[in-house]
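**Q** First, the structure itself, so that you have it in front of you.
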Amino acid sequence: MATTKFTIPRSVIWKDESISLLNQQKIPHVTEYLELTTIEAVWEAIQTLKVRGAPAIGITAAYGLALSALQDQSNSLEAFQLNLKQNRDYLASSRPTAVNLVWALDRLVTSLVETKSINEAKTKLVHEAIQIQVEDEEVCRLIGEHALSVFNDGDRIMTICNAGSIATAKYGTALAPFYLAKEKNKALSVFACETRPVFQGARLTTWELMQADVDVTLITDNMAAHTIKSKKISAIIVGADRIAANGDTANKIGTFNLALLAKSFNIPFYVAAPLSTFDPSISDGNKIPIEERNPEEVTEVNGVRIAPEGVKVFNPAFDVTPSELITGIITEKGILSGDYQVLISELFTL
Ligand code: MRU
């Protein structure tokens, strides 16, 4: 297996009795790790975006559930299982859109089938959470390999939000090809949309890519059309939070705008996502729950008010890109392109 050397810190580190979490709220100014020792602290870290990005949320929630299980004092396996179910539901309520969250939690719960004792259950839960993180790194590397195959030397590629290393176990999804390109001496340039209102593009994507010496240029979101035209952008690549059975894809608010621009400029629009981001139980994008967040994210910048008191605010954190605007969905299993309904059902049929 190829090893790629770059210096981005891990976002989640399991410490047996606590979780060490890179505080993404403070990046790029401060690189600090929070020590989370309770399930409530894990819920709060996910809800307040101290950790964010679909796979990283799933990994953190899995460790949070394992942590709560290790602290469980139940006398019977039945009582332990009941607490586990309640803690699973509690963590699942921290954010609604990224399906990786419930995917990871349910994977832990399912790992307990045929478990005979509480101690065995605790060991299995920790093992499963670690496994999810280990697998995600390899999955992201494979996504990067596949994504790299659609880019040419010298390409300028636009992205939004942060679907990078700190949003996953390593490498990222949409950003993975840029790390792998470095290793293979393929010159790719990234144009990062700032990603209002939380600025994941400005704060996180630029920070990540600059540390790995990837060529990155920051633009505000409303510069996208002009930039595609004037800088000759060759493709757009984004991550995903949930992909419905027909390929409709929820991702950071503003993604749908970019997909429409890609169509207008006749350039490819790629979604990069692991299979854990697919939700084949949901028929189409209209049924994906879209998180609406605090109005202050829109009316304030860094705690400074920029809008009149009392103004009405609409703050959806995600939008849904219809599958017909997606050139390809890049997964660890390869690139899906064409009739997504059929391709996704094939992928999830045993
Ligand atoms: O609100 P966020 O920052 O959690 O939103 C993140 C995104 O939309 C990412 O693009 C997505 O989760 C994929 S991360 C590999």
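Letters A, B, ... go to the chains of the structure tokens in the order shown; residues in each chain start at 1; ligands are counted from 1 in the same order.
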Could you please extract the residues within 9 Å of ligand 1, counting only C-alpha atoms and all ligand atoms, and hand them back as a ChimeraX atom specification?

**A** /A:46,49,51-57,95,97-98,100,140,160-168,172-175,198-200,238-242,250-253,255,272-274,277,291,317-318

**Q** Quick one: everything within 8 Å of Ile344 of chain A, counting only C-alpha atoms, minus sequence neighbours fewer than 2 positions away in the same chain. Send it as a ChimeraX atom specification.

**A** /A:245-247,280,340-342,346-348

**Q** Atom CA of Met223 of chain A to atom CA of Pro28 of chain A: how many Å, to one decimal?

**A**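 Spanning atom CA of Met223 of chain A to atom CA of Pro28 of chain A is a straight-line distance of 22.3 Å.
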
**Q** Please identify all polymer residues within 6 Å of segment 40-45 of chain A, counting only C-alpha atoms, omitting same-chain residues fewer than 6 positions from it, and present them as a PDB file with C-alpha atoms, in the first residue's frame.

**A**
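Here's the written file around-v4.pdb:
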```pdb
ATOM      1  CA  GLY A  64     -18.670   8.294  22.416  1.00  0.00           C
ATOM      2  CA  LEU A  91     -25.865  10.608  20.188  1.00  0.00           C
ATOM      3  CA  SER A  94     -26.708  15.524  17.859  1.00  0.00           C
TER       4      SER A  94
END
```

**Q** List the neighbours of Lys312 of chain A out to 12 Å using only C-alpha atoms; skip same-chain residues closer than 3 positions along the sequence, and give me the result as a PyMOL selection string.

**A** chain A and resi 294-296+298-299+307-309+315

**Q** Write out the residues from the selection above, keeping C-alpha atoms, as a compact mmCIF listing (two decimals), in the first residue's frame.

**A**
```
# COMPACT_ATOMS: atom_id res chain seq x y z
CA ASN A 294 -28.71 28.95 14.90
CA PRO A 295 -29.58 32.33 13.23
CA GLU A 296 -26.51 33.88 14.87
CA VAL A 298 -25.77 34.26 9.74
CA THR A 299 -26.25 37.51 11.67
CA ALA A 307 -27.33 42.43 10.55
CA PRO A 308 -30.07 44.48 12.21
CA GLU A 309 -31.50 43.15 15.47
CA ASN A 315 -30.05 29.13 7.94
```

**Q** Calculate how many Å separate atom CA of Pro197 of chain A from atom CA of Ile330 of chain A, rounding to one decimal.

**A** 26.7 Å

**Q** Find the spatial neighbours of Thr227 of chain A, counting only C-alpha atoms, within a cut-off of 12 Å - ignore same-chain residues fewer than 4 positions away - and output them as a PDB file with N, CA and C atoms, in the first residue's frame.

**A**
```pdb
ATOM      1  N   ARG A 156      -7.292  22.839 -12.539  1.00  0.00           N
ATOM      2  CA  ARG A 156      -7.707  23.726 -11.432  1.00  0.00           C
ATOM      3  C   ARG A 156      -9.092  23.277 -11.016  1.00  0.00           C
ATOM      4  N   ILE A 157      -9.235  22.934  -9.759  1.00  0.00           N
ATOM      5  CA  ILE A 157     -10.459  22.278  -9.302  1.00  0.00           C
ATOM      6  C   ILE A 157     -11.079  23.063  -8.151  1.00  0.00           C
ATOM      7  N   MET A 158     -12.380  23.234  -8.228  1.00  0.00           N
ATOM      8  CA  MET A 158     -13.087  23.996  -7.177  1.00  0.00           C
ATOM      9  C   MET A 158     -13.721  23.047  -6.174  1.00  0.00           C
ATOM     10  N   THR A 159     -13.762  23.482  -4.908  1.00  0.00           N
ATOM     11  CA  THR A 159     -14.465  22.703  -3.882  1.00  0.00           C
ATOM     12  C   THR A 159     -15.145  23.662  -2.922  1.00  0.00           C
ATOM     13  N   VAL A 190      -6.244  23.965  -6.230  1.00  0.00           N
ATOM     14  CA  VAL A 190      -7.579  23.956  -5.624  1.00  0.00           C
ATOM     15  C   VAL A 190      -8.068  25.391  -5.456  1.00  0.00           C
ATOM     16  N   PHE A 191      -9.317  25.624  -5.818  1.00  0.00           N
ATOM     17  CA  PHE A 191      -9.998  26.883  -5.510  1.00  0.00           C
ATOM     18  C   PHE A 191     -11.055  26.557  -4.462  1.00  0.00           C
ATOM     19  N   ALA A 192     -10.873  27.108  -3.262  1.00  0.00           N
ATOM     20  CA  ALA A 192     -11.741  26.773  -2.132  1.00  0.00           C
ATOM     21  C   ALA A 192     -12.756  27.892  -1.891  1.00  0.00           C
ATOM     22  N   CYS A 193     -14.036  27.547  -1.956  1.00  0.00           N
ATOM     23  CA  CYS A 193     -15.072  28.524  -1.608  1.00  0.00           C
ATOM     24  C   CYS A 193     -15.074  28.700  -0.095  1.00  0.00           C
ATOM     25  N   THR A 217      -6.264  28.373  -3.460  1.00  0.00           N
ATOM     26  CA  THR A 217      -6.652  29.786  -3.545  1.00  0.00           C
ATOM     27  C   THR A 217      -8.037  29.929  -2.936  1.00  0.00           C
ATOM     28  N   LEU A 218      -8.186  30.874  -2.043  1.00  0.00           N
ATOM     29  CA  LEU A 218      -9.468  31.093  -1.366  1.00  0.00           C
ATOM     30  C   LEU A 218     -10.306  32.126  -2.122  1.00  0.00           C
ATOM     31  N   ILE A 219     -11.597  31.819  -2.292  1.00  0.00           N
ATOM     32  CA  ILE A 219     -12.531  32.797  -2.867  1.00  0.00           C
ATOM     33  C   ILE A 219     -13.771  32.867  -1.966  1.00  0.00           C
ATOM     34  N   THR A 220     -14.510  33.954  -2.060  1.00  0.00           N
ATOM     35  CA  THR A 220     -15.800  33.984  -1.363  1.00  0.00           C
ATOM     36  C   THR A 220     -16.802  33.219  -2.243  1.00  0.00           C
ATOM     37  N   ASP A 221     -17.888  32.783  -1.621  1.00  0.00           N
ATOM     38  CA  ASP A 221     -18.824  31.915  -2.343  1.00  0.00           C
ATOM     39  C   ASP A 221     -19.398  32.586  -3.593  1.00  0.00           C
ATOM     40  N   ASN A 222     -19.633  33.897  -3.500  1.00  0.00           N
ATOM     41  CA  ASN A 222     -20.253  34.586  -4.645  1.00  0.00           C
ATOM     42  C   ASN A 222     -19.264  34.875  -5.774  1.00  0.00           C
ATOM     43  N   MET A 223     -18.027  34.437  -5.623  1.00  0.00           N
ATOM     44  CA  MET A 223     -17.036  34.589  -6.703  1.00  0.00           C
ATOM     45  C   MET A 223     -16.952  33.347  -7.581  1.00  0.00           C
ATOM     46  N   LYS A 231     -10.623  31.750 -14.318  1.00  0.00           N
ATOM     47  CA  LYS A 231      -9.465  30.919 -13.959  1.00  0.00           C
ATOM     48  C   LYS A 231      -9.507  29.554 -14.642  1.00  0.00           C
ATOM     49  N   LYS A 232     -10.449  29.393 -15.548  1.00  0.00           N
ATOM     50  CA  LYS A 232     -10.551  28.140 -16.322  1.00  0.00           C
ATOM     51  C   LYS A 232     -10.571  26.902 -15.416  1.00  0.00           C
ATOM     52  N   ILE A 233     -11.530  26.894 -14.494  1.00  0.00           N
ATOM     53  CA  ILE A 233     -11.688  25.732 -13.602  1.00  0.00           C
ATOM     54  C   ILE A 233     -12.094  24.517 -14.442  1.00  0.00           C
ATOM     55  N   SER A 234     -11.418  23.377 -14.217  1.00  0.00           N
ATOM     56  CA  SER A 234     -11.695  22.192 -15.049  1.00  0.00           C
ATOM     57  C   SER A 234     -12.764  21.280 -14.467  1.00  0.00           C
ATOM     58  N   ALA A 235     -12.957  21.330 -13.142  1.00  0.00           N
ATOM     59  CA  ALA A 235     -13.942  20.434 -12.524  1.00  0.00           C
ATOM     60  C   ALA A 235     -14.260  20.948 -11.124  1.00  0.00           C
ATOM     61  N   ILE A 236     -15.381  20.454 -10.593  1.00  0.00           N
ATOM     62  CA  ILE A 236     -15.751  20.744  -9.200  1.00  0.00           C
ATOM     63  C   ILE A 236     -15.857  19.411  -8.480  1.00  0.00           C
ATOM     64  N   LEU A 258     -23.084  25.276  -6.943  1.00  0.00           N
ATOM     65  CA  LEU A 258     -21.895  24.901  -7.725  1.00  0.00           C
ATOM     66  C   LEU A 258     -22.257  23.886  -8.809  1.00  0.00           C
ATOM     67  N   LEU A 261     -23.747  25.703 -11.620  1.00  0.00           N
ATOM     68  CA  LEU A 261     -22.692  26.417 -12.367  1.00  0.00           C
ATOM     69  C   LEU A 261     -21.905  25.445 -13.250  1.00  0.00           C
ATOM     70  N   ALA A 262     -21.620  24.252 -12.709  1.00  0.00           N
ATOM     71  CA  ALA A 262     -20.859  23.260 -13.484  1.00  0.00           C
ATOM     72  C   ALA A 262     -21.624  22.922 -14.765  1.00  0.00           C
ATOM     73  N   PHE A 265     -21.388  25.846 -17.198  1.00  0.00           N
ATOM     74  CA  PHE A 265     -20.064  25.996 -17.830  1.00  0.00           C
ATOM     75  C   PHE A 265     -19.599  24.711 -18.507  1.00  0.00           C
TER      76      PHE A 265
END
```

**Q** Go through segment 191-287 of chain A and collect every residue that DSSP, computed from the backbone, puts in alpha helix (DSSP H); the answer should be as a ChimeraX atom specification.

**A** /A:200,206-211,224-230,255-265

**Q** Those residues with N, CA, C and O atoms, as a tab-separated table (two decimals), in the first residue's frame please?

**A**
```tsv
chain	number	residue	atom	x	y	z
A	200	GLN	N	-16.09	26.83	6.69
A	200	GLN	CA	-15.23	25.63	6.70
A	200	GLN	C	-14.18	25.70	5.60
A	200	GLN	O	-13.08	25.16	5.74
A	206	THR	N	-8.33	25.56	3.53
A	206	THR	CA	-7.07	26.26	3.20
A	206	THR	C	-5.97	25.84	4.17
A	206	THR	O	-4.84	25.57	3.76
A	207	TRP	N	-6.32	25.74	5.44
A	207	TRP	CA	-5.34	25.37	6.50
A	207	TRP	C	-4.76	23.99	6.23
A	207	TRP	O	-3.54	23.79	6.27
A	208	GLU	N	-5.65	23.04	5.94
A	208	GLU	CA	-5.21	21.67	5.65
A	208	GLU	C	-4.29	21.62	4.45
A	208	GLU	O	-3.21	21.05	4.48
A	209	LEU	N	-4.78	22.22	3.35
A	209	LEU	CA	-4.04	22.07	2.08
A	209	LEU	C	-2.72	22.82	2.12
A	209	LEU	O	-1.72	22.36	1.56
A	210	MET	N	-2.70	23.96	2.79
A	210	MET	CA	-1.43	24.71	2.87
A	210	MET	C	-0.38	23.93	3.66
A	210	MET	O	0.79	23.95	3.32
A	211	GLN	N	-0.81	23.23	4.71
A	211	GLN	CA	0.15	22.43	5.48
A	211	GLN	C	0.76	21.31	4.65
A	211	GLN	O	1.88	20.90	4.87
A	224	ALA	N	-17.76	32.34	-7.28
A	224	ALA	CA	-17.58	31.04	-7.95
A	224	ALA	C	-17.75	31.13	-9.47
A	224	ALA	O	-16.89	30.65	-10.22
A	225	ALA	N	-18.83	31.74	-9.94
A	225	ALA	CA	-19.07	31.77	-11.40
A	225	ALA	C	-17.95	32.51	-12.11
A	225	ALA	O	-17.39	32.02	-13.11
A	226	HIS	N	-17.61	33.68	-11.61
A	226	HIS	CA	-16.55	34.47	-12.24
A	226	HIS	C	-15.22	33.70	-12.23
A	226	HIS	O	-14.47	33.74	-13.21
A	227	THR	N	-14.97	32.99	-11.13
A	227	THR	CA	-13.70	32.26	-11.00
A	227	THR	C	-13.65	31.08	-11.98
A	227	THR	O	-12.61	30.82	-12.61
A	228	ILE	N	-14.77	30.37	-12.10
A	228	ILE	CA	-14.80	29.23	-13.04
A	228	ILE	C	-14.45	29.72	-14.44
A	228	ILE	O	-13.66	29.11	-15.17
A	229	LYS	N	-15.03	30.89	-14.78
A	229	LYS	CA	-14.78	31.43	-16.12
A	229	LYS	C	-13.36	31.99	-16.26
A	229	LYS	O	-12.63	31.61	-17.17
A	230	SER	N	-12.97	32.84	-15.33
A	230	SER	CA	-11.71	33.57	-15.54
A	230	SER	C	-10.48	32.72	-15.22
A	230	SER	O	-9.41	32.93	-15.79
A	255	THR	N	-23.54	23.86	-2.25
A	255	THR	CA	-23.10	22.81	-3.18
A	255	THR	C	-24.00	22.78	-4.42
A	255	THR	O	-23.51	22.65	-5.56
A	256	PHE	N	-25.31	22.90	-4.19
A	256	PHE	CA	-26.27	22.88	-5.30
A	256	PHE	C	-25.96	24.03	-6.29
A	256	PHE	O	-25.97	23.85	-7.51
A	257	ASN	N	-25.63	25.22	-5.75
A	257	ASN	CA	-25.26	26.34	-6.63
A	257	ASN	C	-24.10	25.93	-7.54
A	257	ASN	O	-24.10	26.22	-8.74
A	258	LEU	N	-23.08	25.28	-6.94
A	258	LEU	CA	-21.89	24.90	-7.73
A	258	LEU	C	-22.26	23.89	-8.81
A	258	LEU	O	-21.72	23.93	-9.92
A	259	ALA	N	-23.19	22.96	-8.48
A	259	ALA	CA	-23.59	21.96	-9.47
A	259	ALA	C	-24.28	22.64	-10.66
A	259	ALA	O	-24.06	22.26	-11.82
A	260	LEU	N	-25.10	23.65	-10.35
A	260	LEU	CA	-25.77	24.39	-11.44
A	260	LEU	C	-24.74	25.14	-12.29
A	260	LEU	O	-24.84	25.19	-13.52
A	261	LEU	N	-23.75	25.70	-11.62
A	261	LEU	CA	-22.69	26.42	-12.37
A	261	LEU	C	-21.91	25.44	-13.25
A	261	LEU	O	-21.57	25.77	-14.40
A	262	ALA	N	-21.62	24.25	-12.71
A	262	ALA	CA	-20.86	23.26	-13.48
A	262	ALA	C	-21.62	22.92	-14.76
A	262	ALA	O	-21.04	22.84	-15.86
A	263	LYS	N	-22.94	22.77	-14.64
A	263	LYS	CA	-23.75	22.46	-15.82
A	263	LYS	C	-23.69	23.63	-16.80
A	263	LYS	O	-23.51	23.45	-18.01
A	264	SER	N	-23.82	24.82	-16.27
A	264	SER	CA	-23.82	26.00	-17.12
A	264	SER	C	-22.49	26.17	-17.87
A	264	SER	O	-22.46	26.57	-19.03
A	265	PHE	N	-21.39	25.85	-17.20
A	265	PHE	CA	-20.06	26.00	-17.83
A	265	PHE	C	-19.60	24.71	-18.51
A	265	PHE	O	-18.49	24.65	-19.03
```

**Q** In Å, how far is it from atom CA of Thr321 of chain A to atom CA of Glu292 of chain A?

**A**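 Rounded to one decimal, the two atoms are 17.1 Å apart.
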
**Q** List the neighbours of Leu21 of chain A out to 9 Å using only C-alpha atoms; skip same-chain residues closer than 5 positions along the sequence, and give me the result as a list of chain:residue names.

**A**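 That gives A:Arg10, A:Ser11, A:Val12, A:Ile13, A:Trp14, A:Glu32, A:Tyr33, A:Leu34, A:Glu35, A:Leu36, A:Ala45, A:Lys50, A:Val51, A:Thr60.
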
**Q** Return the single residue from A:Leu82, A:Asp136, A:Leu77, A:His146 that is closest to Ile118 of chain A, with distances computed using only C-alpha atoms.

**A** A:Leu77
